[in-house]
file structure04.csv (CSV, C-alpha atoms)
chain,number,residue,atom,x,y,z
A,187,MET,CA,-0.2,3.1,1.6
A,188,SER,CA,2.2,0.6,0.0
A,189,ASP,CA,3.3,3.2,-2.5
A,190,THR,CA,3.9,5.7,0.3
A,191,LEU,CA,6.0,3.2,2.3
A,192,ALA,CA,7.9,2.3,-0.9
A,193,ASN,CA,9.0,5.9,-1.3
A,194,VAL,CA,10.4,6.1,2.2
A,195,PRO,CA,14.1,5.2,2.3
A,196,ASN,CA,14.9,2.0,4.2
A,197,LYS,CA,18.0,3.4,5.8
A,198,ALA,CA,16.9,5.2,9.0
A,199,PRO,CA,19.1,7.7,10.9
A,200,ASN,CA,21.2,6.0,13.6
A,201,ARG,CA,23.6,6.9,16.3
A,202,TRP,CA,26.5,7.1,13.8
A,203,ALA,CA,24.6,9.9,12.0
A,204,LEU,CA,24.3,12.1,15.1
A,205,LEU,CA,27.7,11.6,16.7
A,206,PRO,CA,29.5,13.8,14.1
A,207,TRP,CA,27.4,16.7,15.2
A,208,LEU,CA,29.9,17.2,18.0
A,209,PHE,CA,31.8,19.3,15.5
A,210,ILE,CA,29.5,22.1,16.6
A,211,ILE,CA,31.6,22.6,19.7
A,212,SER,CA,34.9,22.0,17.8
A,213,GLY,CA,35.5,25.8,18.0
A,214,ASN,CA,35.2,25.8,21.7
A,215,ALA,CA,37.6,22.8,21.9
A,216,ILE,CA,40.1,24.7,19.8
A,217,ASP,CA,39.8,27.8,22.1
A,218,VAL,CA,40.4,25.6,25.1
A,219,ALA,CA,43.5,24.0,23.5
A,220,LYS,CA,44.9,27.5,22.9
A,221,GLY,CA,44.2,28.4,26.5
A,222,GLU,CA,42.0,31.3,25.7
A,223,PRO,CA,39.2,30.8,28.2
A,224,PRO,CA,39.9,31.5,31.8
A,225,LEU,CA,40.6,28.4,33.8
A,226,PRO,CA,41.1,26.4,30.7
A,227,TRP,CA,41.5,23.1,32.6
A,228,LEU,CA,38.0,23.6,34.0
A,229,ALA,CA,36.6,24.4,30.5
A,230,ALA,CA,38.4,21.3,29.2
A,231,ALA,CA,36.9,19.1,31.9
A,232,GLY,CA,33.4,20.5,31.3
A,233,LEU,CA,33.7,20.0,27.6
A,234,PHE,CA,35.0,16.4,28.0
A,235,VAL,CA,32.1,15.5,30.4
A,236,PHE,CA,29.6,17.2,28.0
A,237,ALA,CA,31.0,15.2,25.0
A,238,VAL,CA,30.9,11.9,26.9
A,239,CYS,CA,27.3,12.5,28.1
A,240,TYR,CA,26.2,13.5,24.6
A,241,SER,CA,27.8,10.4,23.1
A,242,GLY,CA,26.2,8.2,25.8
A,243,THR,CA,22.7,9.5,25.3
A,244,ILE,CA,23.0,9.1,21.5
A,245,ALA,CA,24.3,5.6,21.9
A,246,LEU,CA,21.5,4.6,24.2
A,247,GLY,CA,18.8,6.5,22.4
A,248,PHE,CA,18.2,4.3,19.4
A,249,ASP,CA,16.7,1.3,21.3
A,250,GLU,CA,14.7,0.6,24.4
A,251,ARG,CA,17.7,1.6,26.6
A,252,ARG,CA,16.7,5.2,26.1
A,253,HIS,CA,14.1,4.6,28.8
A,254,SER,CA,16.7,3.4,31.3
A,255,ARG,CA,17.9,5.4,34.3
A,256,LEU,CA,21.4,5.6,32.8
A,257,ALA,CA,20.1,7.4,29.7
A,258,ARG,CA,18.1,9.9,31.8
A,259,ALA,CA,21.1,10.4,34.2
A,260,LEU,CA,23.4,11.1,31.2
A,261,LEU,CA,20.9,13.7,29.8
A,262,ILE,CA,20.5,15.4,33.2
A,263,THR,CA,24.3,15.5,33.6
A,264,GLU,CA,24.7,16.9,30.1
A,265,ALA,CA,22.2,19.7,31.0
A,266,VAL,CA,23.9,20.4,34.3
A,267,VAL,CA,27.3,20.8,32.5
A,268,THR,CA,25.8,22.9,29.7
A,269,TYR,CA,24.4,25.7,31.9
A,270,PRO,CA,27.7,26.6,33.7
A,271,LEU,CA,29.7,26.4,30.5
A,272,ALA,CA,27.3,28.8,28.7
A,273,ILE,CA,26.9,31.2,31.6
A,274,GLY,CA,30.6,31.1,32.7
A,275,TYR,CA,32.2,31.3,29.2
A,276,GLY,CA,29.7,33.4,27.3
A,277,SER,CA,27.4,33.1,24.3
A,278,GLU,CA,29.9,31.2,22.2
A,279,TRP,CA,29.3,28.2,24.4
A,280,THR,CA,25.5,28.3,24.0
A,281,HIS,CA,26.0,26.1,21.0
A,282,CYS,CA,26.1,23.3,23.6
A,283,PHE,CA,22.3,23.8,23.9
A,284,LEU,CA,21.9,22.7,20.3
A,285,LEU,CA,23.5,19.3,21.1
A,286,LEU,CA,21.6,19.1,24.4
A,287,ALA,CA,18.4,19.5,22.4
A,288,ILE,CA,19.4,16.7,20.1
A,289,SER,CA,20.1,14.5,23.0
A,290,ALA,CA,16.7,15.3,24.5
A,291,GLY,CA,15.0,14.7,21.2
A,292,VAL,CA,16.6,11.2,20.9
A,293,THR,CA,16.0,10.2,24.5
A,294,LEU,CA,12.5,11.6,25.1
A,295,ARG,CA,10.9,10.9,21.8
A,296,GLY,CA,7.5,9.2,22.2
A,297,THR,CA,6.8,11.1,25.4
A,298,GLU,CA,5.3,14.2,23.9
A,299,ARG,CA,4.6,16.1,27.1
A,300,ALA,CA,8.1,15.6,28.6
A,301,LEU,CA,9.7,16.3,25.3
A,302,GLY,CA,7.7,19.5,24.8
A,303,VAL,CA,8.4,20.9,28.3
A,304,THR,CA,12.1,20.0,28.0
A,305,MET,CA,12.4,21.7,24.6
A,306,ILE,CA,10.7,24.9,25.8
A,307,ILE,CA,13.1,25.1,28.8
A,308,PHE,CA,16.2,24.5,26.8
A,309,ALA,CA,15.2,26.8,24.0
A,310,GLY,CA,14.2,29.6,26.5
A,311,SER,CA,17.5,29.1,28.4
A,312,ALA,CA,19.6,29.2,25.2
A,313,GLY,CA,17.8,32.4,24.0
A,314,ALA,CA,18.0,34.1,27.5
A,315,ILE,CA,21.7,33.3,28.0
A,316,THR,CA,22.6,34.5,24.5
A,317,GLY,CA,20.7,37.7,25.1
A,318,ILE,CA,22.2,38.4,28.5
A,319,PHE,CA,25.8,37.4,27.9
A,320,GLY,CA,26.1,38.0,24.1
A,321,ASP,CA,24.4,39.7,21.2
A,322,GLY,CA,20.8,40.2,21.9
A,323,GLY,CA,20.0,40.0,18.2
A,324,ASP,CA,21.0,36.3,18.2
A,325,ALA,CA,18.9,35.4,21.2
A,326,ALA,CA,15.8,34.5,19.2
A,327,LEU,CA,17.8,32.7,16.6
A,328,MET,CA,19.6,30.6,19.2
A,329,GLY,CA,16.3,29.8,21.0
A,330,TYR,CA,14.6,28.8,17.8
A,331,GLY,CA,17.5,26.7,16.6
A,332,THR,CA,17.6,24.9,19.9
A,333,LEU,CA,13.9,24.1,19.8
A,334,LEU,CA,14.0,23.1,16.1
A,335,SER,CA,17.1,20.8,16.7
A,336,GLY,CA,15.4,18.6,19.3
A,337,VAL,CA,11.9,18.6,17.7
A,338,VAL,CA,13.0,17.8,14.2
A,339,VAL,CA,15.4,15.0,15.4
A,340,ALA,CA,12.6,13.4,17.5
A,341,MET,CA,10.1,13.6,14.6
A,342,ILE,CA,12.4,12.2,12.0
A,343,ILE,CA,13.5,9.2,14.1
A,344,SER,CA,9.8,8.6,15.2
A,345,LEU,CA,8.8,8.7,11.5
A,346,PHE,CA,11.3,6.1,10.5
A,347,GLU,CA,10.4,3.9,13.4
A,348,ALA,CA,6.7,4.1,12.5
A,349,VAL,CA,7.5,3.3,8.8
A,350,ARG,CA,9.6,0.3,10.0
A,351,GLN,CA,6.7,-0.9,12.2
A,352,LEU,CA,4.3,-0.5,9.3
A,353,ARG,CA,6.6,-2.5,7.0
A,354,ASP,CA,7.0,-5.2,9.6
A,355,THR,CA,3.2,-5.3,10.1
A,356,ARG,CA,2.6,-5.5,6.3
A,357,GLU,CA,5.0,-8.4,6.0
A,358,GLU,CA,3.4,-10.1,8.9
A,359,LEU,CA,0.0,-9.7,7.4
A,360,ALA,CA,1.3,-11.0,4.1
A,361,ARG,CA,2.8,-14.1,5.8
A,362,GLY,CA,-0.5,-14.6,7.6
A,363,ALA,CA,-2.5,-14.3,4.4
A,364,VAL,CA,-0.2,-16.9,2.8
A,365,GLU,CA,-0.6,-19.2,5.8
A,366,ARG,CA,-4.4,-18.9,5.8
A,367,GLU,CA,-4.5,-19.7,2.1
A,368,ARG,CA,-2.2,-22.7,2.6
A,369,LEU,CA,-4.4,-23.9,5.4
A,370,ARG,CA,-7.6,-23.4,3.4
A,371,PHE,CA,-6.1,-25.3,0.4
A,372,SER,CA,-4.9,-28.2,2.7
A,373,ARG,CA,-8.3,-28.5,4.3
A,374,ASP,CA,-10.1,-28.4,1.0
A,375,LEU,CA,-7.8,-30.9,-0.6
A,376,HIS,CA,-8.1,-33.2,2.4
A,377,ASP,CA,-11.9,-33.1,2.4
A,378,LEU,CA,-12.2,-33.4,-1.4
A,379,LEU,CA,-9.7,-36.2,-1.9
A,380,GLY,CA,-10.8,-38.1,1.2
A,381,HIS,CA,-14.4,-38.2,0.2
A,382,THR,CA,-13.7,-38.7,-3.5
A,383,LEU,CA,-11.3,-41.6,-3.0
A,384,SER,CA,-13.7,-43.2,-0.6
A,385,VAL,CA,-16.5,-43.1,-3.2
A,386,VAL,CA,-14.2,-44.5,-5.9
A,387,VAL,CA,-13.1,-47.4,-3.7
A,388,VAL,CA,-16.6,-48.2,-2.6
A,389,LYS,CA,-17.9,-48.0,-6.2
A,390,ALA,CA,-14.9,-50.1,-7.5
A,391,GLU,CA,-15.7,-52.8,-4.9
A,392,ALA,CA,-19.3,-52.8,-6.1
A,393,VAL,CA,-18.2,-53.2,-9.7
A,394,ARG,CA,-16.1,-56.2,-8.7
A,395,ARG,CA,-18.9,-57.8,-6.8
A,396,LEU,CA,-21.6,-57.1,-9.4
A,397,ALA,CA,-19.6,-57.9,-12.6
A,398,PRO,CA,-19.9,-61.7,-12.5
A,399,ARG,CA,-23.7,-61.8,-12.0
A,400,ASP,CA,-25.1,-58.4,-13.1
A,401,LEU,CA,-23.1,-56.7,-15.8
A,402,ASP,CA,-25.6,-53.8,-16.3
A,403,ALA,CA,-25.5,-52.9,-12.6
A,404,ALA,CA,-21.7,-53.1,-12.7
A,405,LEU,CA,-21.6,-50.8,-15.7
A,406,GLY,CA,-23.8,-48.4,-13.8
A,407,GLN,CA,-21.4,-48.3,-10.9
A,408,ALA,CA,-18.5,-47.8,-13.3
A,409,ALA,CA,-20.3,-44.8,-14.8
A,410,ASP,CA,-20.7,-43.4,-11.3
A,411,ILE,CA,-16.9,-43.7,-10.8
A,412,GLU,CA,-16.4,-41.8,-14.1
A,413,ALA,CA,-18.8,-39.1,-13.0
A,414,VAL,CA,-17.2,-38.9,-9.5
A,415,GLY,CA,-13.8,-38.5,-11.1
A,416,ARG,CA,-14.9,-35.7,-13.4
A,417,GLN,CA,-16.6,-33.9,-10.6
A,418,ALA,CA,-13.5,-34.3,-8.4
A,419,LEU,CA,-11.4,-32.7,-11.1
A,420,THR,CA,-13.8,-29.7,-11.3
A,421,GLU,CA,-13.9,-29.3,-7.5
A,422,ILE,CA,-10.1,-29.5,-7.2
A,423,ARG,CA,-9.7,-26.7,-9.9
A,424,GLU,CA,-12.2,-24.6,-7.9
A,425,ALA,CA,-10.4,-25.3,-4.6
A,426,VAL,CA,-7.1,-24.2,-6.2
A,427,SER,CA,-8.7,-21.0,-7.4
A,428,GLY,CA,-10.5,-20.5,-4.1
A,429,TYR,CA,-14.0,-20.2,-5.7
A,430,ARG,CA,-15.5,-23.5,-4.6
A,431,GLU,CA,-18.9,-23.3,-3.1
A,432,GLY,CA,-20.6,-26.5,-2.0
A,433,SER,CA,-24.3,-27.3,-2.1
A,434,LEU,CA,-25.9,-29.0,0.8
A,435,THR,CA,-28.5,-30.7,-1.4
A,436,THR,CA,-25.8,-32.0,-3.7
A,437,GLU,CA,-23.7,-33.3,-0.8
A,438,LEU,CA,-26.8,-35.0,0.7
A,439,ASP,CA,-27.5,-36.8,-2.6
A,440,ARG,CA,-23.9,-37.9,-2.8
A,441,ALA,CA,-24.0,-39.1,0.8
A,442,ARG,CA,-27.1,-41.2,0.0
A,443,SER,CA,-25.4,-42.7,-3.0
A,444,LEU,CA,-22.1,-43.5,-1.1
A,445,LEU,CA,-23.9,-45.0,1.9
A,446,ASP,CA,-26.2,-47.1,-0.3
A,447,ALA,CA,-23.2,-48.4,-2.4
A,448,SER,CA,-21.5,-49.3,0.9
A,449,GLY,CA,-24.4,-51.4,2.1
A,450,ILE,CA,-25.3,-49.0,4.9
A,451,ASP,CA,-29.0,-48.4,5.5
A,452,THR,CA,-29.5,-44.6,5.1
A,453,ARG,CA,-32.1,-42.1,6.5
A,454,ILE,CA,-31.7,-38.5,5.4
A,455,THR,CA,-34.1,-35.8,6.4
A,456,GLN,CA,-34.1,-32.0,5.8
A,457,SER,CA,-36.5,-29.4,7.1
A,458,GLY,CA,-36.7,-25.7,7.7
A,459,PRO,CA,-36.4,-22.6,5.5
A,460,PRO,CA,-33.8,-22.2,2.7
A,461,LEU,CA,-30.2,-21.5,3.9
A,462,PRO,CA,-27.7,-18.9,2.7
A,463,PRO,CA,-25.1,-20.3,0.2
A,464,GLN,CA,-22.3,-19.8,2.7
A,465,THR,CA,-24.1,-21.8,5.4
A,466,GLU,CA,-25.0,-24.5,2.9
A,467,ALA,CA,-21.3,-24.7,1.8
A,468,LEU,CA,-20.1,-25.2,5.4
A,469,LEU,CA,-22.8,-27.8,6.1
A,470,GLY,CA,-21.9,-29.5,2.8
A,471,TRP,CA,-18.3,-29.9,4.1
A,472,VAL,CA,-19.7,-31.4,7.3
A,473,VAL,CA,-21.8,-33.9,5.5
A,474,ARG,CA,-19.0,-34.9,3.2
A,475,GLU,CA,-16.5,-35.4,6.0
A,476,GLY,CA,-19.0,-37.1,8.4
A,477,VAL,CA,-20.3,-39.6,5.8
A,478,THR,CA,-16.8,-40.3,4.6
A,479,ASN,CA,-15.8,-41.2,8.1
A,480,VAL,CA,-18.8,-43.4,8.5
A,481,VAL,CA,-18.0,-45.4,5.3
A,482,ARG,CA,-14.2,-45.6,5.9
A,483,HIS,CA,-14.0,-46.2,9.7
A,484,SER,CA,-17.2,-46.9,11.5
A,485,GLY,CA,-18.3,-50.4,10.3
A,486,ALA,CA,-21.8,-49.2,10.8
A,487,ALA,CA,-25.0,-50.9,9.4
A,488,THR,CA,-27.2,-47.8,9.6
A,489,CYS,CA,-26.6,-44.1,9.3
A,490,SER,CA,-29.0,-41.1,9.6
A,491,VAL,CA,-28.4,-37.5,8.5
A,492,GLU,CA,-30.7,-34.9,9.8
A,493,VAL,CA,-30.8,-31.2,8.9
A,494,ARG,CA,-33.1,-29.0,11.0
A,495,GLY,CA,-33.3,-25.3,9.9
A,496,LYS,CA,-34.6,-22.6,12.2
A,497,PRO,CA,-35.0,-18.8,11.6
A,498,ASP,CA,-31.9,-18.0,13.5
A,499,GLY,CA,-29.8,-21.1,13.0
A,500,VAL,CA,-29.5,-24.6,11.6
A,501,HIS,CA,-28.7,-28.0,13.3
A,502,LEU,CA,-27.0,-30.9,11.4
A,503,GLU,CA,-26.6,-34.3,13.0
A,504,ILE,CA,-25.0,-37.4,11.6
A,505,THR,CA,-25.5,-40.6,13.6
A,506,ASP,CA,-24.4,-44.1,13.0
A,507,ASP,CA,-24.4,-47.4,14.9
A,508,GLY,CA,-20.7,-48.1,14.3
A,509,ARG,CA,-17.6,-47.7,16.4
A,510,GLY,CA,-16.8,-44.2,15.2
A,511,PRO,CA,-13.7,-42.7,13.5
A,512,ALA,CA,-11.7,-42.5,16.8
A,513,ALA,CA,-11.1,-46.3,16.4
A,514,SER,CA,-9.1,-45.7,13.3
A,515,PRO,CA,-5.4,-44.6,13.6
A,516,ASP,CA,-5.8,-42.5,10.5
A,517,THR,CA,-8.4,-40.3,12.1
A,518,ALA,CA,-7.2,-40.4,15.7
A,519,ARG,CA,-5.3,-37.2,14.9
A,520,GLY,CA,-8.6,-35.6,13.9
A,521,THR,CA,-7.3,-33.7,10.9
A,522,GLY,CA,-10.6,-33.5,9.1
A,523,LEU,CA,-12.8,-32.9,12.1
A,524,LYS,CA,-10.4,-30.3,13.5
A,525,GLY,CA,-10.4,-28.4,10.2
A,526,LEU,CA,-14.2,-28.5,10.1
A,527,ALA,CA,-14.4,-27.2,13.7
A,528,GLU,CA,-12.2,-24.3,12.8
A,529,ARG,CA,-14.3,-23.5,9.7
A,530,LEU,CA,-17.5,-23.5,11.8
A,531,ALA,CA,-16.0,-21.6,14.7
A,532,ALA,CA,-14.9,-18.8,12.2
A,533,ALA,CA,-18.5,-18.5,11.1
A,534,GLY,CA,-19.8,-18.4,14.7
A,535,GLY,CA,-20.9,-22.0,14.8
A,536,SER,CA,-19.7,-25.2,16.6
A,537,LEU,CA,-18.9,-28.8,15.8
A,538,THR,CA,-19.1,-31.6,18.4
A,539,SER,CA,-18.7,-35.3,18.2
A,540,GLY,CA,-18.7,-38.3,20.4
A,541,SER,CA,-20.4,-41.5,21.5
A,542,ALA,CA,-24.1,-42.0,20.8
A,543,GLY,CA,-25.0,-44.4,23.5
A,544,ARG,CA,-23.6,-47.9,24.0
A,545,ARG,CA,-22.8,-48.3,20.3
A,546,GLY,CA,-22.7,-45.5,17.8
A,547,TYR,CA,-21.2,-42.2,17.0
A,548,ARG,CA,-22.7,-38.7,16.6
A,549,LEU,CA,-21.4,-35.7,14.8
A,550,VAL,CA,-23.3,-32.4,15.4
A,551,ALA,CA,-22.9,-29.1,13.7
A,552,GLU,CA,-24.6,-25.8,14.8
A,553,LEU,CA,-24.5,-22.7,12.7
A,554,PRO,CA,-26.2,-19.3,13.2
A,555,VAL,CA,-28.2,-17.8,10.3
A,556,ASP,CA,-28.5,-14.1,9.9
A,557,ALA,CA,-31.7,-12.9,8.1
A,558,GLU,CA,-30.0,-10.0,6.4
A,559,GLU,CA,-27.1,-12.1,5.3
A,560,ASP,CA,-29.7,-14.7,4.1
A,561,ALA,CA,-31.4,-12.2,1.9
A,562,ALA,CA,-28.1,-10.8,0.5
A,563,ASP,CA,-26.8,-14.3,-0.2
A,564,ASP,CA,-30.1,-15.2,-1.9
A,565,ARG,CA,-29.7,-12.2,-4.2
A,566,SER,CA,-26.1,-13.1,-4.8
A,567,ALA,CA,-26.9,-16.7,-5.5
A,568,SER,CA,-29.6,-15.5,-8.0
A,569,THR,CA,-27.2,-13.3,-9.7
A,570,ARG,CA,-24.6,-16.0,-9.9
A,571,SER,CA,-27.2,-18.4,-11.3
A,572,ARG,CA,-28.2,-16.0,-14.0
A,573,THR,CA,-24.6,-15.4,-14.9
A,574,GLU,CA,-23.8,-19.2,-15.1
A,575,ASN,CA,-26.9,-19.8,-17.3
A,576,ARG,CA,-25.8,-17.0,-19.7
A,577,THR,CA,-22.3,-18.4,-19.8
A,578,GLN,CA,-23.6,-21.9,-20.4
A,579,GLU,CA,-25.9,-20.6,-23.2
A,580,ALA,CA,-23.0,-18.8,-24.8
A,581,ARG,CA,-20.8,-21.9,-24.7
A,582,THR,CA,-23.7,-24.0,-26.3
A,583,ALA,CA,-24.2,-21.4,-29.0
call {"tool": "encode", "arguments": {"input": "structure04.csv", "output": "structure tokens"}}
result
Amino acid sequence: MSDTLANVPNKAPNRWALLPWLFIISGNAIDVAKGEPPLPWLAAAGLFVFAVCYSGTIALGFDERRHSRLARALLITEAVVTYPLAIGYGSEWTHCFLLLAISAGVTLRGTERALGVTMIIFAGSAGAITGIFGDGGDAALMGYGTLLSGVVVAMIISLFEAVRQLRDTREELARGAVERERLRFSRDLHDLLGHTLSVVVVKAEAVRRLAPRDLDAALGQAADIEAVGRQALTEIREAVSGYREGSLTTELDRARSLLDASGIDTRITQSGPPLPPQTEALLGWVVREGVTNVVRHSGAATCSVEVRGKPDGVHLEITDDGRGPAASPDTARGTGLKGLAERLAAAGGSLTSGSAGRRGYRLVAELPVDAEEDAADDRSASTRSRTENRTQEARTA
């Protein structure tokens, strides 16, 4: 389709391309100027009105004004003038029907029935008048020419308008794709860096506290900081390329490590059947954002993370006894939670958050699970796993 559109010229026909077609009746104008027709003043007046109406319909016919009453009135007036001129002054004046058909094609395009009926009437009239008042052999040619003039003009203009709309739509889709990719990257970067920096800060504080009295424990926390940094680099590369897929189990392990290092009593439970990779990735984002908010903003002493899987869906709930992220001006805008809610909504799920009693905060995510998608994702995950193993073996070799 893009190649086809690229081959269509950008410059569409416009009113200035059709106005010069008035030269068709230039011979009639010359005859009037010489005074050859009877009552030349009447012929001149009729020709003048015809030319004005033709110019008016063409001027209005290239935008939405062609649907206006003025455009239809000009077309009707042009037709009313054409018939007396052709009948009264002979077959040489039936050329006016060619211009009348062009005006109708420009004005009535897009309304197939009205255009078709009008073209048949004008073509039949042009052929009949030519046959009656002129050479009968030219009747069919005049009728066919009149029909062809209006139909071809209408088709060409409609084609260019359709191509222009397709080009505009393609550009809009391209802009939308860029915007979606920008939004995806901003969400991923927010969630990745927010969580990673929180882990680094917490681990660094632990190193500072442990170093004077337990050097081995402090070195262990420092090693964790190094591992988190390396993992963050990998995840950012994957986020940039758009191929990052999170693991719920991995995020739960990281959540436990982060909460323990922050001195928050942790309870993590997971039950139910295995989940599709895409569902796990979404829930992994929820765990990452939710636990990061608990550590950074809640001031909680305890936190529980519960994952309950069912055949048709999964329920994730993160509860703490703190004051919640809403108390922090950094999260009052809800950037992270808003992005998560949009992610889950796109997958048919939901994300809700709010107070958990007199003191505490709860974040709940619900996601549907499709059995067929589950099986397909399991096969896809198995294939990816085998591919990764072969790649790792090749690198080792």
call {"tool": "closest_residue", "arguments": {"input": "structure04.csv", "among": "A:Leu301, A:Ala531, A:Ala397, A:Ala542", "to": "Gly508 (chain A)", "atoms": "all atoms listed in the file"}}
result
A:Ala542
call {"tool": "residues_around", "arguments": {"input": "structure04.csv", "residues": "region 244-249 of chain A", "least_positions_apart": "5", "cutoff": "10 Å", "atoms": "only C-alpha atoms", "output": "list in words"}}
result
Pro199, Asn200, Arg201, Trp202, Ala203, Leu204, Leu205, Val238, Cys239, Ser254, Leu256, Ala257, Arg258, Leu260, Leu261, Ile288, Ser289, Ala290, Gly291, Val292, Thr293, Leu294, Arg295, Ile343 and Glu347 of chain A
call {"tool": "closest_residue", "arguments": {"input": "structure04.csv", "among": "A:Ser541, A:Thr280, A:Thr505, A:Thr243", "to": "Gly317 (chain A)", "atoms": "only C-alpha atoms"}}
result
A:Thr280
call {"tool": "closest_atom_pairs", "arguments": {"input": "structure04.csv", "of": "region 384-480 of chain A", "to": "region 533-537 of chain A", "cutoff": "10 Å", "atoms": "only C-alpha atoms", "output": "JSON lines"}}
result
{"residue": "A:Gln464", "atom": "CA", "partner": "A:Ala533", "partner_atom": "CA", "distance": 9.3}
{"residue": "A:Thr465", "atom": "CA", "partner": "A:Ala533", "partner_atom": "CA", "distance": 8.6}
{"residue": "A:Leu468", "atom": "CA", "partner": "A:Ala533", "partner_atom": "CA", "distance": 8.9}
{"residue": "A:Val472", "atom": "CA", "partner": "A:Leu537", "partner_atom": "CA", "distance": 8.9}
call {"tool": "write_last_selection", "arguments": {"input": "structure04.csv", "atoms": "C-alpha atoms", "output": "PDB file, in the frame of the given file"}}
result
ATOM      1  CA  GLN A 464     -22.300 -19.800   2.700  1.00  0.00           C
ATOM      2  CA  THR A 465     -24.100 -21.800   5.400  1.00  0.00           C
ATOM      3  CA  LEU A 468     -20.100 -25.200   5.400  1.00  0.00           C
ATOM      4  CA  VAL A 472     -19.700 -31.400   7.300  1.00  0.00           C
TER       5      VAL A 472
END
call {"tool": "atom_distance", "arguments": {"input": "structure04.csv", "atom1": "CA of Ala230 (chain A)", "atom2": "CA of Ala326 (chain A)"}}
result
28.0 Å
call {"tool": "atom_distance", "arguments": {"input": "structure04.csv", "atom1": "CA of Ala215 (chain A)", "atom2": "CA of Trp227 (chain A)"}}
result
11.4 Å
call {"tool": "residues_around", "arguments": {"input": "structure04.csv", "residues": "Thr488 (chain A)", "least_positions_apart": "2", "cutoff": "9 Å", "atoms": "all atoms listed in the file", "output": "PDB file with C-alpha atoms, keeping the file's coordinate frame"}}
result
ATOM      1  CA  LEU A 445     -23.900 -45.000   1.900  1.00  0.00           C
ATOM      2  CA  GLY A 449     -24.400 -51.400   2.100  1.00  0.00           C
ATOM      3  CA  ILE A 450     -25.300 -49.000   4.900  1.00  0.00           C
ATOM      4  CA  ASP A 451     -29.000 -48.400   5.500  1.00  0.00           C
ATOM      5  CA  THR A 452     -29.500 -44.600   5.100  1.00  0.00           C
ATOM      6  CA  ARG A 453     -32.100 -42.100   6.500  1.00  0.00           C
ATOM      7  CA  ALA A 486     -21.800 -49.200  10.800  1.00  0.00           C
ATOM      8  CA  SER A 490     -29.000 -41.100   9.600  1.00  0.00           C
ATOM      9  CA  THR A 505     -25.500 -40.600  13.600  1.00  0.00           C
ATOM     10  CA  ASP A 506     -24.400 -44.100  13.000  1.00  0.00           C
ATOM     11  CA  ASP A 507     -24.400 -47.400  14.900  1.00  0.00           C
ATOM     12  CA  GLY A 508     -20.700 -48.100  14.300  1.00  0.00           C
TER      13      GLY A 508
END
call {"tool": "residues_near_point", "arguments": {"input": "structure04.csv", "point": "(28.9, 26.3, 23.3)", "cutoff": "10 Å", "atoms": "all atoms listed in the file", "output": "PDB file with C-alpha atoms, in the coordinates of the input"}}
result
ATOM      1  CA  ILE A 210      29.500  22.100  16.600  1.00  0.00           C
ATOM      2  CA  ILE A 211      31.600  22.600  19.700  1.00  0.00           C
ATOM      3  CA  SER A 212      34.900  22.000  17.800  1.00  0.00           C
ATOM      4  CA  GLY A 213      35.500  25.800  18.000  1.00  0.00           C
ATOM      5  CA  ASN A 214      35.200  25.800  21.700  1.00  0.00           C
ATOM      6  CA  ALA A 215      37.600  22.800  21.900  1.00  0.00           C
ATOM      7  CA  LEU A 233      33.700  20.000  27.600  1.00  0.00           C
ATOM      8  CA  THR A 268      25.800  22.900  29.700  1.00  0.00           C
ATOM      9  CA  TYR A 269      24.400  25.700  31.900  1.00  0.00           C
ATOM     10  CA  LEU A 271      29.700  26.400  30.500  1.00  0.00           C
ATOM     11  CA  ALA A 272      27.300  28.800  28.700  1.00  0.00           C
ATOM     12  CA  ILE A 273      26.900  31.200  31.600  1.00  0.00           C
ATOM     13  CA  TYR A 275      32.200  31.300  29.200  1.00  0.00           C
ATOM     14  CA  GLY A 276      29.700  33.400  27.300  1.00  0.00           C
ATOM     15  CA  SER A 277      27.400  33.100  24.300  1.00  0.00           C
ATOM     16  CA  GLU A 278      29.900  31.200  22.200  1.00  0.00           C
ATOM     17  CA  TRP A 279      29.300  28.200  24.400  1.00  0.00           C
ATOM     18  CA  THR A 280      25.500  28.300  24.000  1.00  0.00           C
ATOM     19  CA  HIS A 281      26.000  26.100  21.000  1.00  0.00           C
ATOM     20  CA  CYS A 282      26.100  23.300  23.600  1.00  0.00           C
ATOM     21  CA  PHE A 283      22.300  23.800  23.900  1.00  0.00           C
ATOM     22  CA  LEU A 284      21.900  22.700  20.300  1.00  0.00           C
ATOM     23  CA  LEU A 285      23.500  19.300  21.100  1.00  0.00           C
ATOM     24  CA  ALA A 312      19.600  29.200  25.200  1.00  0.00           C
TER      25      ALA A 312
END
call {"tool": "atom_distance", "arguments": {"input": "structure04.csv", "atom1": "CA of Arg394 (chain A)", "atom2": "CA of Gly415 (chain A)"}}
result
18.0 Å
call {"tool": "closest_residue", "arguments": {"input": "structure04.csv", "among": "A:Ala392, A:Ile315, A:Leu526, A:Val303", "to": "Ala467 (chain A)", "atoms": "all atoms listed in the file"}}
result
A:Leu526
call {"tool": "closest_residue", "arguments": {"input": "structure04.csv", "among": "A:Phe209, A:Ala231, A:Ala447, A:Thr436", "to": "Asp410 (chain A)", "atoms": "all atoms listed in the file"}}
result
A:Ala447
call {"tool": "residues_around", "arguments": {"input": "structure04.csv", "residues": "Gly495 (chain A)", "least_positions_apart": "5", "cutoff": "9 Å", "atoms": "only C-alpha atoms", "output": "PyMOL selection string"}}
result
chain A and resi 456-461+500-502
call {"tool": "residues_around", "arguments": {"input": "structure04.csv", "residues": "Ala237 (chain A)", "least_positions_apart": "5", "cutoff": "9 Å", "atoms": "all atoms listed in the file", "output": "mmCIF file with C-alpha atoms, in the coordinates of the input"}}
result
data_model
loop_
_atom_site.group_PDB
_atom_site.id
_atom_site.type_symbol
_atom_site.label_atom_id
_atom_site.label_comp_id
_atom_site.auth_asym_id
_atom_site.auth_seq_id
_atom_site.Cartn_x
_atom_site.Cartn_y
_atom_site.Cartn_z
ATOM 1 C CA LEU A 208 29.900 17.200 18.000
ATOM 2 C CA GLY A 232 33.400 20.500 31.300
ATOM 3 C CA GLY A 242 26.200 8.200 25.800
ATOM 4 C CA GLU A 264 24.700 16.900 30.100
#
